[in-house]
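Peer 1: Enclosed is the structure file query33.cif (mmCIF, C-alpha atoms and all ligand atoms).
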data_my_file
loop_
_atom_site.label_atom_id
_atom_site.label_comp_id
_atom_site.auth_asym_id
_atom_site.auth_seq_id
_atom_site.Cartn_x
_atom_site.Cartn_y
_atom_site.Cartn_z
CA MET A 17 0.00 0.00 0.00
CA THR A 18 1.33 3.46 -0.87
CA GLY A 19 0.84 6.77 0.86
CA ASN A 20 -2.03 5.68 3.09
CA THR A 21 -2.13 7.23 6.52
CA TYR A 22 -5.73 6.43 7.40
CA GLY A 23 -5.12 3.16 9.28
CA LYS A 24 -7.85 1.37 7.32
CA LYS A 25 -7.81 0.58 3.63
CA VAL A 26 -9.36 3.32 1.52
CA LEU A 27 -12.52 3.05 -0.57
CA PHE A 28 -13.60 5.58 -3.19
CA SER A 29 -16.70 5.69 -5.35
CA GLY A 30 -19.05 8.15 -6.93
CA MET A 31 -22.18 8.67 -8.96
CA GLN A 32 -23.12 11.30 -11.46
CA ALA A 33 -25.34 14.07 -10.22
CA THR A 34 -27.66 13.75 -13.17
CA GLY A 35 -31.35 12.98 -12.89
CA THR A 36 -32.73 10.56 -10.34
CA ILE A 37 -30.91 7.41 -9.37
CA THR A 38 -32.25 4.09 -10.59
CA LEU A 39 -32.74 0.61 -9.21
CA GLY A 40 -29.61 -0.30 -11.24
CA ASN A 41 -27.52 2.37 -9.48
CA TYR A 42 -28.92 1.29 -6.15
CA LEU A 43 -28.36 -2.46 -6.50
CA GLY A 44 -25.15 -2.19 -8.54
CA ALA A 45 -23.46 0.41 -6.36
CA LEU A 46 -25.17 2.17 -3.44
CA LYS A 47 -26.35 -0.98 -1.65
CA ASN A 48 -22.79 -2.39 -1.66
CA TRP A 49 -21.37 0.90 -0.48
CA VAL A 50 -23.43 0.63 2.69
CA THR A 51 -22.19 -2.89 3.46
CA LEU A 52 -18.55 -1.88 2.92
CA SER A 53 -18.60 1.30 4.90
CA ASP A 54 -17.41 -0.12 8.26
CA GLU A 55 -14.49 -2.01 6.82
CA TYR A 56 -12.89 0.88 4.90
CA GLU A 57 -12.10 4.56 5.20
CA CYS A 58 -14.72 5.68 2.68
CA PHE A 59 -14.99 8.61 0.29
CA TYR A 60 -18.32 8.85 -1.55
CA CYS A 61 -18.38 11.62 -4.06
CA VAL A 62 -21.18 13.32 -5.98
CA VAL A 63 -19.35 13.65 -9.29
CA ASP A 64 -20.80 16.90 -10.57
CA LEU A 65 -17.75 17.73 -12.73
CA HIS A 66 -18.48 14.60 -14.74
CA SER A 67 -22.12 15.64 -15.14
CA ILE A 68 -21.37 18.65 -17.33
CA THR A 69 -19.90 16.43 -20.06
CA ILE A 70 -23.57 16.36 -21.09
CA ARG A 71 -25.36 19.73 -21.28
CA GLN A 72 -27.25 20.44 -18.03
CA ASP A 73 -29.77 22.93 -16.79
CA PRO A 74 -27.85 24.70 -13.96
CA ALA A 75 -30.73 24.88 -11.46
CA LYS A 76 -31.64 21.23 -12.07
CA LEU A 77 -28.02 20.10 -11.77
CA ARG A 78 -27.65 21.89 -8.43
CA GLN A 79 -30.83 20.28 -7.14
CA SER A 80 -30.04 16.78 -8.34
CA ALA A 81 -26.54 16.98 -6.86
CA ARG A 82 -28.00 17.87 -3.49
CA ASN A 83 -30.66 15.16 -3.80
CA LEU A 84 -27.99 12.60 -4.61
CA LEU A 85 -25.91 13.61 -1.61
CA MET A 86 -29.00 13.24 0.61
CA LEU A 87 -29.80 9.87 -0.99
CA TYR A 88 -26.34 8.57 -0.08
CA ILE A 89 -27.17 9.37 3.54
CA ALA A 90 -30.77 8.17 3.32
CA ALA A 91 -29.57 4.83 1.94
CA GLY A 92 -27.58 4.29 5.12
CA LEU A 93 -24.17 5.93 4.73
CA ASP A 94 -23.39 7.66 7.99
CA PRO A 95 -21.84 11.04 7.10
CA LYS A 96 -19.87 11.04 10.35
CA LYS A 97 -18.04 7.89 9.29
CA ASN A 98 -18.08 8.28 5.51
CA CYS A 99 -16.78 11.31 3.71
CA ILE A 100 -19.71 12.34 1.49
CA TYR A 101 -18.94 15.41 -0.60
CA TYR A 102 -19.20 17.26 -3.91
CA GLN A 103 -16.42 16.74 -6.45
CA SER A 104 -16.62 20.43 -7.42
CA HIS A 105 -15.77 21.45 -3.84
CA VAL A 106 -12.35 19.79 -4.04
CA SER A 107 -10.27 21.44 -6.74
CA GLY A 108 -7.65 18.67 -6.54
CA HIS A 109 -9.87 16.50 -8.77
CA ALA A 110 -9.53 18.85 -11.73
CA GLU A 111 -5.87 19.65 -11.02
CA LEU A 112 -4.83 16.00 -10.90
CA ALA A 113 -6.95 15.24 -13.97
CA TRP A 114 -4.94 17.79 -15.96
CA ILE A 115 -1.67 16.17 -14.95
CA LEU A 116 -2.95 12.67 -15.72
CA ASN A 117 -4.19 13.85 -19.13
CA CYS A 118 -0.54 14.19 -20.02
CA TYR A 119 0.04 10.52 -19.14
CA THR A 120 -2.93 9.12 -21.05
CA TYR A 121 -2.96 8.26 -24.75
CA MET A 122 -5.61 9.26 -27.27
CA GLY A 123 -5.77 5.65 -28.46
CA GLU A 124 -6.68 4.44 -24.97
CA LEU A 125 -9.51 6.93 -24.67
CA GLN A 126 -10.78 6.16 -28.17
CA ARG A 127 -11.41 2.56 -27.10
CA MET A 128 -13.75 3.44 -24.22
CA THR A 129 -17.21 2.02 -24.84
CA GLN A 130 -18.91 4.64 -22.66
CA PHE A 131 -17.40 7.37 -24.85
CA LYS A 132 -18.63 5.61 -27.98
CA ASP A 133 -22.14 5.15 -26.52
CA LYS A 134 -22.45 8.68 -25.16
CA SER A 135 -21.09 10.33 -28.28
CA ALA A 136 -23.58 8.39 -30.38
CA LYS A 137 -26.38 9.53 -28.05
CA HIS A 138 -25.25 13.17 -27.94
CA ALA A 139 -23.89 13.59 -31.46
CA GLU A 140 -24.51 17.37 -31.31
CA ASN A 141 -22.14 17.81 -28.36
CA ILE A 142 -19.12 15.51 -28.50
CA ASN A 143 -16.94 17.69 -26.29
CA ALA A 144 -13.37 17.14 -25.06
CA GLY A 145 -14.65 16.56 -21.52
CA LEU A 146 -16.67 13.58 -22.69
CA PHE A 147 -13.53 12.20 -24.30
CA THR A 148 -11.31 12.70 -21.23
CA TYR A 149 -14.05 11.62 -18.77
CA PRO A 150 -12.06 8.50 -17.76
CA VAL A 151 -9.01 10.61 -16.88
CA LEU A 152 -11.06 12.65 -14.41
CA LEU A 153 -12.44 9.40 -13.03
CA ALA A 154 -8.88 8.08 -12.61
CA ALA A 155 -7.96 11.31 -10.83
CA ASP A 156 -10.93 10.89 -8.46
CA ILE A 157 -9.71 7.48 -7.38
CA LEU A 158 -5.95 8.10 -7.33
CA LEU A 159 -6.30 11.38 -5.44
CA PHE A 160 -7.44 9.41 -2.40
CA GLN A 161 -4.98 6.53 -2.86
CA ALA A 162 -8.01 4.24 -2.95
CA ASP A 163 -7.43 0.51 -2.48
CA VAL A 164 -10.91 -0.47 -3.57
CA VAL A 165 -13.60 0.97 -5.85
CA PRO A 166 -17.12 -0.51 -5.73
CA VAL A 167 -18.92 -0.04 -9.05
CA GLY A 168 -21.30 -1.83 -11.42
CA LYS A 169 -20.10 -3.91 -14.35
CA ASP A 170 -20.36 -1.07 -16.86
CA GLN A 171 -17.46 0.70 -15.14
CA LEU A 172 -14.88 -2.10 -15.44
CA GLN A 173 -13.19 -0.58 -18.46
CA HIS A 174 -12.82 2.74 -16.62
CA LEU A 175 -11.18 0.96 -13.71
CA GLU A 176 -8.76 -0.78 -16.06
CA ILE A 177 -7.61 2.48 -17.59
CA THR A 178 -7.24 3.96 -14.08
CA ARG A 179 -4.90 1.14 -13.14
CA ASP A 180 -2.95 1.54 -16.40
CA ILE A 181 -2.49 5.29 -15.85
CA ALA A 182 -1.39 4.75 -12.23
CA GLN A 183 1.08 2.02 -13.18
CA ARG A 184 2.51 4.16 -15.98
CA PHE A 185 2.97 7.10 -13.61
CA ASN A 186 4.52 4.93 -10.90
CA ALA A 187 6.92 3.38 -13.43
CA ILE A 188 8.30 6.85 -14.15
CA TYR A 189 8.23 8.49 -10.71
CA GLY A 190 8.30 5.66 -8.17
CA ASP A 191 5.53 4.50 -5.84
CA VAL A 192 3.20 7.51 -6.00
CA PHE A 193 -0.24 5.95 -6.46
CA THR A 194 -1.96 2.98 -4.86
CA ILE A 195 -3.19 0.64 -7.59
CA PRO A 196 -6.94 0.25 -6.97
CA GLU A 197 -8.96 -2.97 -7.13
CA VAL A 198 -12.55 -3.20 -8.35
CA HIS A 199 -15.26 -4.40 -6.00
CA MET A 200 -18.37 -5.79 -7.63
CA GLY A 201 -21.36 -7.41 -5.94
CA LYS A 202 -22.16 -10.97 -7.11
CA ILE A 203 -25.78 -10.16 -7.87
CA GLY A 204 -27.08 -6.87 -9.17
CA ALA A 205 -23.85 -5.74 -10.87
CA LYS A 206 -25.82 -5.30 -14.07
CA ILE A 207 -29.55 -4.69 -13.80
CA MET A 208 -31.20 -4.67 -17.20
CA SER A 209 -33.94 -2.51 -18.70
CA LEU A 210 -37.45 -3.78 -17.92
CA GLN A 211 -38.46 -3.16 -21.53
CA GLU A 212 -35.33 -4.38 -23.34
CA PRO A 213 -33.67 -6.91 -21.02
CA MET A 214 -30.54 -7.16 -23.21
CA LYS A 215 -29.77 -3.47 -22.46
CA LYS A 216 -28.64 -2.06 -19.10
CA MET A 217 -31.19 -0.17 -17.03
CA SER A 218 -30.27 3.47 -17.55
CA LYS A 219 -31.20 6.80 -16.01
CA SER A 220 -31.56 8.35 -19.39
CA ASP A 221 -33.84 5.77 -21.06
CA GLU A 222 -36.58 7.44 -23.08
CA ASN A 223 -39.09 4.72 -22.25
CA ALA A 224 -40.36 5.54 -18.75
CA ASN A 225 -41.41 1.91 -18.19
CA ALA A 226 -37.85 0.64 -18.69
CA THR A 227 -36.40 2.12 -15.52
CA ILE A 228 -37.34 2.06 -11.84
CA TYR A 229 -36.34 5.26 -10.05
CA LEU A 230 -35.53 5.44 -6.38
CA THR A 231 -38.20 8.11 -6.09
CA ASP A 232 -41.00 6.01 -7.69
CA ASP A 233 -44.00 5.34 -5.44
CA GLY A 234 -45.40 1.87 -4.78
CA ASP A 235 -48.09 2.02 -7.50
CA THR A 236 -45.60 3.13 -10.13
CA ILE A 237 -43.15 0.38 -9.18
CA LEU A 238 -45.88 -2.26 -9.39
CA ARG A 239 -47.16 -0.95 -12.72
CA LYS A 240 -43.65 -0.93 -14.26
CA PHE A 241 -42.94 -4.48 -13.13
CA LYS A 242 -46.31 -5.69 -14.41
CA ARG A 243 -45.38 -4.31 -17.83
CA ALA A 244 -41.87 -5.80 -17.77
CA VAL A 245 -41.01 -7.70 -20.94
CA THR A 246 -40.65 -11.47 -20.37
CA ASP A 247 -41.10 -14.37 -22.84
CA SER A 248 -43.61 -17.00 -23.85
CA GLU A 249 -41.98 -20.00 -22.14
CA GLY A 250 -44.16 -19.75 -19.06
CA CYS A 251 -41.54 -21.37 -16.83
CA ILE A 252 -39.37 -19.58 -14.25
CA ARG A 253 -35.72 -20.52 -14.78
CA TYR A 254 -32.48 -18.62 -14.21
CA SER A 255 -31.14 -18.78 -17.74
CA ARG A 256 -29.60 -16.50 -20.36
CA GLU A 257 -32.25 -17.72 -22.76
CA GLN A 258 -34.87 -15.95 -20.62
CA PRO A 259 -33.21 -12.55 -20.09
CA GLY A 260 -36.39 -10.84 -18.83
CA ILE A 261 -37.06 -13.49 -16.18
CA LYS A 262 -33.36 -13.69 -15.28
CA ASN A 263 -33.34 -9.93 -14.69
CA LEU A 264 -36.44 -10.15 -12.46
CA LEU A 265 -34.79 -12.95 -10.47
CA ASP A 266 -31.56 -10.92 -10.17
CA ILE A 267 -33.52 -7.98 -8.79
CA TYR A 268 -35.43 -10.23 -6.39
CA CYS A 269 -32.22 -11.91 -5.17
CA ALA A 270 -30.39 -8.62 -4.70
CA CYS A 271 -33.32 -7.19 -2.72
CA THR A 272 -33.89 -10.25 -0.53
CA ASP A 273 -30.30 -11.54 -0.26
CA GLN A 274 -31.33 -14.84 -1.84
CA THR A 275 -29.41 -17.06 -4.23
CA PRO A 276 -30.81 -17.58 -7.76
CA GLU A 277 -31.28 -21.33 -6.99
CA GLY A 278 -33.27 -20.47 -3.86
CA ALA A 279 -35.45 -18.03 -5.75
CA VAL A 280 -36.12 -20.49 -8.60
CA ALA A 281 -37.17 -23.10 -6.01
CA GLU A 282 -39.44 -20.57 -4.31
CA PHE A 283 -41.25 -19.78 -7.57
CA GLU A 284 -41.46 -23.32 -8.89
CA GLY A 285 -44.83 -23.95 -10.50
CA ARG A 286 -45.90 -20.31 -10.13
CA GLY A 287 -46.71 -17.86 -12.92
CA TYR A 288 -44.90 -14.76 -14.22
CA GLY A 289 -47.59 -12.53 -12.68
CA GLU A 290 -46.80 -13.79 -9.20
CA LEU A 291 -43.07 -13.36 -9.76
CA LYS A 292 -43.59 -9.77 -10.91
CA GLN A 293 -45.73 -9.00 -7.88
CA ALA A 294 -43.10 -10.45 -5.50
CA VAL A 295 -40.25 -8.59 -7.19
CA ALA A 296 -42.18 -5.31 -7.00
CA GLU A 297 -42.84 -5.86 -3.28
CA SER A 298 -39.19 -6.67 -2.59
CA VAL A 299 -38.13 -3.44 -4.29
CA MET A 300 -40.76 -1.40 -2.41
CA GLY A 301 -39.56 -2.93 0.86
CA ILE A 302 -36.04 -1.68 0.20
CA PHE A 303 -37.01 1.72 -1.21
CA ARG A 304 -39.61 2.75 1.39
CA PRO A 305 -37.24 3.44 4.31
CA VAL A 306 -34.80 5.24 1.99
CA GLN A 307 -37.59 7.46 0.65
CA GLU A 308 -38.82 8.28 4.16
CA GLU A 309 -35.35 9.19 5.37
CA PHE A 310 -34.77 11.26 2.23
CA LEU A 311 -37.92 13.25 2.92
CA ARG A 312 -36.84 13.87 6.49
CA LEU A 313 -33.35 14.97 5.45
CA SER A 314 -34.63 17.30 2.77
CA LYS A 315 -36.38 19.30 5.49
CA ASP A 316 -33.19 19.69 7.53
CA LYS A 317 -31.22 22.23 5.52
CA ALA A 318 -28.81 23.23 8.29
CA TYR A 319 -27.80 19.62 8.99
CA ILE A 320 -27.08 18.86 5.33
CA ASP A 321 -25.21 22.17 4.85
CA GLY A 322 -23.03 21.28 7.84
CA ILE A 323 -22.18 17.90 6.38
CA ILE A 324 -21.34 19.41 3.01
CA LYS A 325 -18.92 21.84 4.62
CA GLU A 326 -17.30 19.46 7.07
CA ASN A 327 -16.85 16.59 4.62
CA GLY A 328 -15.76 18.88 1.77
CA GLU A 329 -12.96 20.19 3.98
CA LYS A 330 -11.94 16.71 5.04
CA ALA A 331 -11.81 15.47 1.43
CA ASP A 332 -9.86 18.56 0.42
CA TYR A 333 -7.27 17.93 3.13
CA PHE A 334 -6.58 14.37 1.94
CA ALA A 335 -6.70 15.33 -1.73
CA ARG A 336 -4.09 18.05 -1.27
CA LYS A 337 -1.63 15.61 0.21
CA THR A 338 -1.57 13.45 -2.92
CA LEU A 339 -1.69 16.45 -5.21
CA ARG A 340 1.36 18.11 -3.60
CA LYS A 341 3.28 14.87 -3.88
CA VAL A 342 2.40 14.50 -7.56
CA GLN A 343 3.21 18.15 -8.32
CA LYS A 344 6.62 17.73 -6.76
CA LYS A 345 7.29 14.51 -8.67
CA VAL A 346 6.54 16.04 -12.06
CA GLY A 347 8.78 19.03 -11.31
CA PHE A 348 6.48 21.92 -10.39
CA PRO A 349 7.98 24.55 -8.04
CA GLU A 350 7.12 24.28 -4.36
CA ARG A 351 3.77 25.86 -3.46
CA ILE A 352 3.67 29.12 -1.56
CA ARG A 353 0.54 27.93 0.27
P1 LIG B 401 -26.46 6.55 -17.50
O1 LIG B 401 -27.41 5.40 -17.43
O2 LIG B 401 -27.12 7.82 -17.81
O3 LIG B 401 -25.26 6.23 -18.30
P2 LIG B 401 -25.70 5.61 -14.96
O4 LIG B 401 -27.01 5.12 -14.50
O5 LIG B 401 -24.70 4.63 -15.46
O6 LIG B 401 -25.91 6.74 -16.04
P3 LIG B 401 -23.73 6.60 -13.09
O7 LIG B 401 -23.79 7.71 -12.13
O8 LIG B 401 -22.79 6.80 -14.20
O9 LIG B 401 -25.14 6.42 -13.73
O10 LIG B 401 -23.50 5.23 -12.33
C1 LIG B 401 -23.39 5.13 -10.94
C2 LIG B 401 -23.10 3.70 -10.50
O11 LIG B 401 -24.20 2.84 -10.79
C3 LIG B 401 -21.89 3.03 -11.17
O12 LIG B 401 -21.15 2.30 -10.21
C4 LIG B 401 -22.49 2.12 -12.18
O13 LIG B 401 -21.65 1.02 -12.47
C5 LIG B 401 -23.75 1.68 -11.48
N1 LIG B 401 -24.81 1.29 -12.43
C6 LIG B 401 -25.39 2.07 -13.36
N2 LIG B 401 -26.34 1.41 -14.04
C7 LIG B 401 -26.36 0.15 -13.53
C8 LIG B 401 -27.13 -1.03 -13.80
N3 LIG B 401 -28.06 -1.04 -14.75
N4 LIG B 401 -26.89 -2.13 -13.07
C9 LIG B 401 -25.95 -2.13 -12.09
N5 LIG B 401 -25.19 -1.06 -11.78
C10 LIG B 401 -25.37 0.07 -12.49
N1 LIG B 402 -18.42 7.36 -14.26
C1 LIG B 402 -18.83 6.76 -13.07
C2 LIG B 402 -19.03 7.70 -11.92
C3 LIG B 402 -17.69 7.97 -11.34
C4 LIG B 402 -16.93 7.09 -10.53
C5 LIG B 402 -15.74 7.79 -10.22
C6 LIG B 402 -17.16 5.82 -10.02
C7 LIG B 402 -16.95 9.10 -11.51
N2 LIG B 402 -15.78 9.01 -10.83
C8 LIG B 402 -14.75 7.22 -9.45
C9 LIG B 402 -16.16 5.25 -9.24
C10 LIG B 402 -14.97 5.96 -8.96
C11 LIG B 402 -20.06 6.02 -13.33
O1 LIG B 402 -20.43 5.30 -12.49
N3 LIG B 402 -20.64 6.16 -14.48
#
Go ahead and render the structure in this file as structure tokens.

Peer 2:
Amino acid sequence: MTGNTYGKKVLFSGMQATGTITLGNYLGALKNWVTLSDEYECFYCVVDLHSITIRQDPAKLRQSARNLLMLYIAAGLDPKKNCIYYQSHVSGHAELAWILNCYTYMGELQRMTQFKDKSAKHAENINAGLFTYPVLLAADILLFQADVVPVGKDQLQHLEITRDIAQRFNAIYGDVFTIPEVHMGKIGAKIMSLQEPMKKMSKSDENANATIYLTDDGDTILRKFKRAVTDSEGCIRYSREQPGIKNLLDIYCACTDQTPEGAVAEFEGRGYGELKQAVAESVMGIFRPVQEEFLRLSKDKAYIDGIIKENGEKADYFARKTLRKVQKKVGFPERIR
């Protein structure tokens, strides 16, 4: 381990402050964050710098960033133990990203599938930030000398490039960065769209029935599951040949901490309608307490403002340490302050 003075191993993760978070975000990332938070020194960031790679309405961005920060807490992350903060409050993210840009190759970035997907979706605005998005993500992680990064499956390629950049930098300058490992939950790492179960469930899906949002009420959740696309086999198995049913079972297992075998046994001889009803109830059971806590937190402005300030300062303190070290290594003059 390099440069870690926290005593515990360090964990870093983040989510984009865009729109409302989905069942995919929750099961693929947030739920695991909560289970890992005692074991590690944790930094959970609201990555608002990443959000502006797609054009945003400023007032909406500000509100969704604050909502996301409150959702982290509502989902069970204790802000006294976990450093929950805004990326834009710690300038080290952008400063380190610039340096790392100079150690990243165009060819590497051109291979990123997220860049290809997002530039196809936003053909009118393929900006340089979208292209160098993974470098900022690498800076996020390396700035905190993170040992472990819990993310969903779609982020694996970004974690690989982060490790490559860190190893390249270390090969030139010595042991500067900790090389991070990915942490992925066994179930729920890739929740699929309810309408097109071969596609990942996404925040930005145009079909409102494809995605469950953490803010959906019980009736909406039930209605969306009832409309979920399945197949005509009429038999509940956990198989790639039945992607719709497999996705429903994955959601059920992630919500109830069951194994797929256990769930298949539980639904043996029962119909798709019953499965859908049970999955919807399992999701509601998980979402309800989070929604209630979110509502409570959103009424306590002073408490949330205090957390933002305190944790932003703490993150800034740790970030500066790495940044100063890196600046010295690459040959910048010593800082005046
Ligand atoms: P978009 O769908 O607009 O691309 P996103 O939903 O991927 O955005 P992010 O903020 O980029 O949102 O992702 C936050 C975290 O949620 C990441 O760790 C990501 O891997 C995870 N995640 C996102 N979608 C899913 C999904 N369908 N299943 C499991 N995990 C997911
Ligand atoms: N791009 C990521 C969000 C993200 C992230 C990070 C995740 C930005 N910086 C650092 C883990 C670690 C995503 O999930 N789409």

Peer 1: Could you list, as a VMD selection string, every residue within 8 Å of A:Ser218, counting all atoms listed in the file and ignoring same-chain residues fewer than 2 positions away?

Peer 2: chain A and resid 38 40 209 216 220 to 221 227

Peer 1: For A:Lys132, which residue out of A:Leu146, A:Leu313, A:Ala318, A:Leu158 is the nearest one, using all atoms listed in the file?

Peer 2: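 Counting all atoms listed in the file, the residue closest to A:Lys132 is A:Leu146.
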
Peer 1: Of the residues A:Asn141, A:Thr272, A:Gln307, A:Thr51, which is the one nearest to A:Ala294, using all atoms listed in the file?

Peer 2: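 Once distances to A:Ala294 are computed over all atoms listed in the file, the minimum belongs to A:Thr272.
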
Peer 1: Report as a tab-separated table: every residue of chain A with an atom at most 10 Å from ligand LIG 402 (chain B), its closest pair of atoms, and their distance in Å to one decimal, counting only C-alpha atoms and all ligand atoms, with rows sorted by chain and ascending residue number.

Peer 2:
residue	atom	partner	partner_atom	distance
A:Leu27	CA	B:LIG402	C10	9.2
A:Phe28	CA	B:LIG402	C10	5.9
A:Ser29	CA	B:LIG402	C9	4.0
A:Gly30	CA	B:LIG402	C6	4.3
A:Met31	CA	B:LIG402	C2	4.4
A:Gln32	CA	B:LIG402	C2	5.5
A:Ala33	CA	B:LIG402	C2	9.1
A:Asn41	CA	B:LIG402	O1	8.2
A:Gly44	CA	B:LIG402	O1	9.7
A:Ala45	CA	B:LIG402	O1	8.4
A:Phe59	CA	B:LIG402	C10	9.6
A:Tyr60	CA	B:LIG402	C10	8.6
A:Cys61	CA	B:LIG402	N2	7.7
A:Val62	CA	B:LIG402	C7	8.1
A:Val63	CA	B:LIG402	C7	5.6
A:Asp64	CA	B:LIG402	C7	8.7
A:Leu65	CA	B:LIG402	C7	8.8
A:His66	CA	B:LIG402	C7	6.6
A:Ser67	CA	B:LIG402	C7	9.1
A:Gln103	CA	B:LIG402	N2	8.9
A:His109	CA	B:LIG402	N2	9.8
A:Gln130	CA	B:LIG402	N3	8.5
A:Tyr149	CA	B:LIG402	N1	7.6
A:Pro150	CA	B:LIG402	N1	7.3
A:Val151	CA	B:LIG402	N2	9.2
A:Leu152	CA	B:LIG402	N2	7.0
A:Leu153	CA	B:LIG402	N2	4.0
A:Ala154	CA	B:LIG402	C8	6.7
A:Ala155	CA	B:LIG402	C8	8.0
A:Asp156	CA	B:LIG402	C8	5.4
A:Ile157	CA	B:LIG402	C8	5.5
A:Leu158	CA	B:LIG402	C8	9.1
A:Ala162	CA	B:LIG402	C10	9.4
A:Val164	CA	B:LIG402	C10	9.3
A:Val165	CA	B:LIG402	C9	6.0
A:Pro166	CA	B:LIG402	C9	6.8
A:Val167	CA	B:LIG402	C9	6.0
A:Gly168	CA	B:LIG402	O1	7.3
A:Lys169	CA	B:LIG402	O1	9.4
A:Asp170	CA	B:LIG402	N3	7.6
A:Gln171	CA	B:LIG402	O1	6.1
A:Leu172	CA	B:LIG402	C9	9.7
A:His174	CA	B:LIG402	N1	7.6
A:Leu175	CA	B:LIG402	C10	7.9
A:Thr178	CA	B:LIG402	C8	9.4
A:Val198	CA	B:LIG402	C9	9.2

Peer 1: Would you compute the distance between atom CA of A:Thr236 and atom CA of A:Asp316? Give it in Å to one decimal.

Peer 2: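 Separation between atom CA of A:Thr236 and atom CA of A:Asp316: 27.2 Å.
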
Peer 1: Using all atoms listed in the file, give me every residue within 9 Å of (-3.7, -0.5, -10.8) in file coordinates, as a PyMOL selection string.

Peer 2: chain A and resi 175-183+193-197

Peer 1: I'd like the contact shell of A:Gly250 - 10 Å cut-off, all atoms listed in the file, skipping same-chain residues fewer than 5 positions apart - returned as a PDB file with C-alpha atoms, keeping the file's coordinate frame.

Peer 2:
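Result saved to around.pdb:
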ATOM      1  CA  ILE A 261     -37.060 -13.490 -16.180  1.00  0.00           C
ATOM      2  CA  GLY A 285     -44.830 -23.950 -10.500  1.00  0.00           C
ATOM      3  CA  ARG A 286     -45.900 -20.310 -10.130  1.00  0.00           C
ATOM      4  CA  GLY A 287     -46.710 -17.860 -12.920  1.00  0.00           C
ATOM      5  CA  TYR A 288     -44.900 -14.760 -14.220  1.00  0.00           C
TER       6      TYR A 288
END

Peer 1: Would you compute the distance between atom CA of A:Val342 and atom CA of A:Val26? Give it in Å to one decimal.

Peer 2: 18.6 Å

Peer 1: Please check which residues have atoms at most 12 Å from (-31.1, -1.7, -22.6) in the file's coordinates, counting only C-alpha atoms, and write them as a VMD selection string.

Peer 2: chain A and resid 40 133 206 to 223 225 to 227 245 259 to 260 263

Peer 1: Will you give me stretch 320-324 of chain A, written with all heavy atoms and laid out as a PDB file, in the first residue's frame?

Peer 2:
ATOM      1  N   ILE A 320     -27.729  19.253   6.598  1.00  0.00           N
ATOM      2  CA  ILE A 320     -27.082  18.863   5.329  1.00  0.00           C
ATOM      3  C   ILE A 320     -25.977  19.872   4.967  1.00  0.00           C
ATOM      4  O   ILE A 320     -24.877  19.483   4.565  1.00  0.00           O
ATOM      5  CB  ILE A 320     -28.132  18.760   4.185  1.00  0.00           C
ATOM      6  CG1 ILE A 320     -29.146  17.657   4.507  1.00  0.00           C
ATOM      7  CG2 ILE A 320     -27.473  18.517   2.827  1.00  0.00           C
ATOM      8  CD1 ILE A 320     -28.580  16.241   4.567  1.00  0.00           C
ATOM      9  N   ASP A 321     -26.242  21.166   5.150  1.00  0.00           N
ATOM     10  CA  ASP A 321     -25.211  22.171   4.847  1.00  0.00           C
ATOM     11  C   ASP A 321     -23.955  21.929   5.685  1.00  0.00           C
ATOM     12  O   ASP A 321     -22.834  22.072   5.201  1.00  0.00           O
ATOM     13  CB  ASP A 321     -25.743  23.589   5.108  1.00  0.00           C
ATOM     14  CG  ASP A 321     -26.742  24.022   4.039  1.00  0.00           C
ATOM     15  OD1 ASP A 321     -26.814  23.345   2.989  1.00  0.00           O
ATOM     16  OD2 ASP A 321     -27.456  25.025   4.261  1.00  0.00           O
ATOM     17  N   GLY A 322     -24.163  21.555   6.943  1.00  0.00           N
ATOM     18  CA  GLY A 322     -23.029  21.281   7.843  1.00  0.00           C
ATOM     19  C   GLY A 322     -22.199  20.113   7.332  1.00  0.00           C
ATOM     20  O   GLY A 322     -20.958  20.167   7.313  1.00  0.00           O
ATOM     21  N   ILE A 323     -22.883  19.082   6.896  1.00  0.00           N
ATOM     22  CA  ILE A 323     -22.176  17.895   6.379  1.00  0.00           C
ATOM     23  C   ILE A 323     -21.384  18.246   5.123  1.00  0.00           C
ATOM     24  O   ILE A 323     -20.240  17.831   4.945  1.00  0.00           O
ATOM     25  CB  ILE A 323     -23.195  16.780   6.085  1.00  0.00           C
ATOM     26  CG1 ILE A 323     -23.597  16.152   7.408  1.00  0.00           C
ATOM     27  CG2 ILE A 323     -22.636  15.726   5.149  1.00  0.00           C
ATOM     28  CD1 ILE A 323     -24.787  15.300   7.345  1.00  0.00           C
ATOM     29  N   ILE A 324     -22.009  19.027   4.262  1.00  0.00           N
ATOM     30  CA  ILE A 324     -21.341  19.407   3.009  1.00  0.00           C
ATOM     31  C   ILE A 324     -20.037  20.145   3.317  1.00  0.00           C
ATOM     32  O   ILE A 324     -18.991  19.878   2.724  1.00  0.00           O
ATOM     33  CB  ILE A 324     -22.293  20.270   2.139  1.00  0.00           C
ATOM     34  CG1 ILE A 324     -23.434  19.390   1.612  1.00  0.00           C
ATOM     35  CG2 ILE A 324     -21.552  20.961   1.009  1.00  0.00           C
ATOM     36  CD1 ILE A 324     -24.554  20.137   0.919  1.00  0.00           C
TER      37      ILE A 324
END
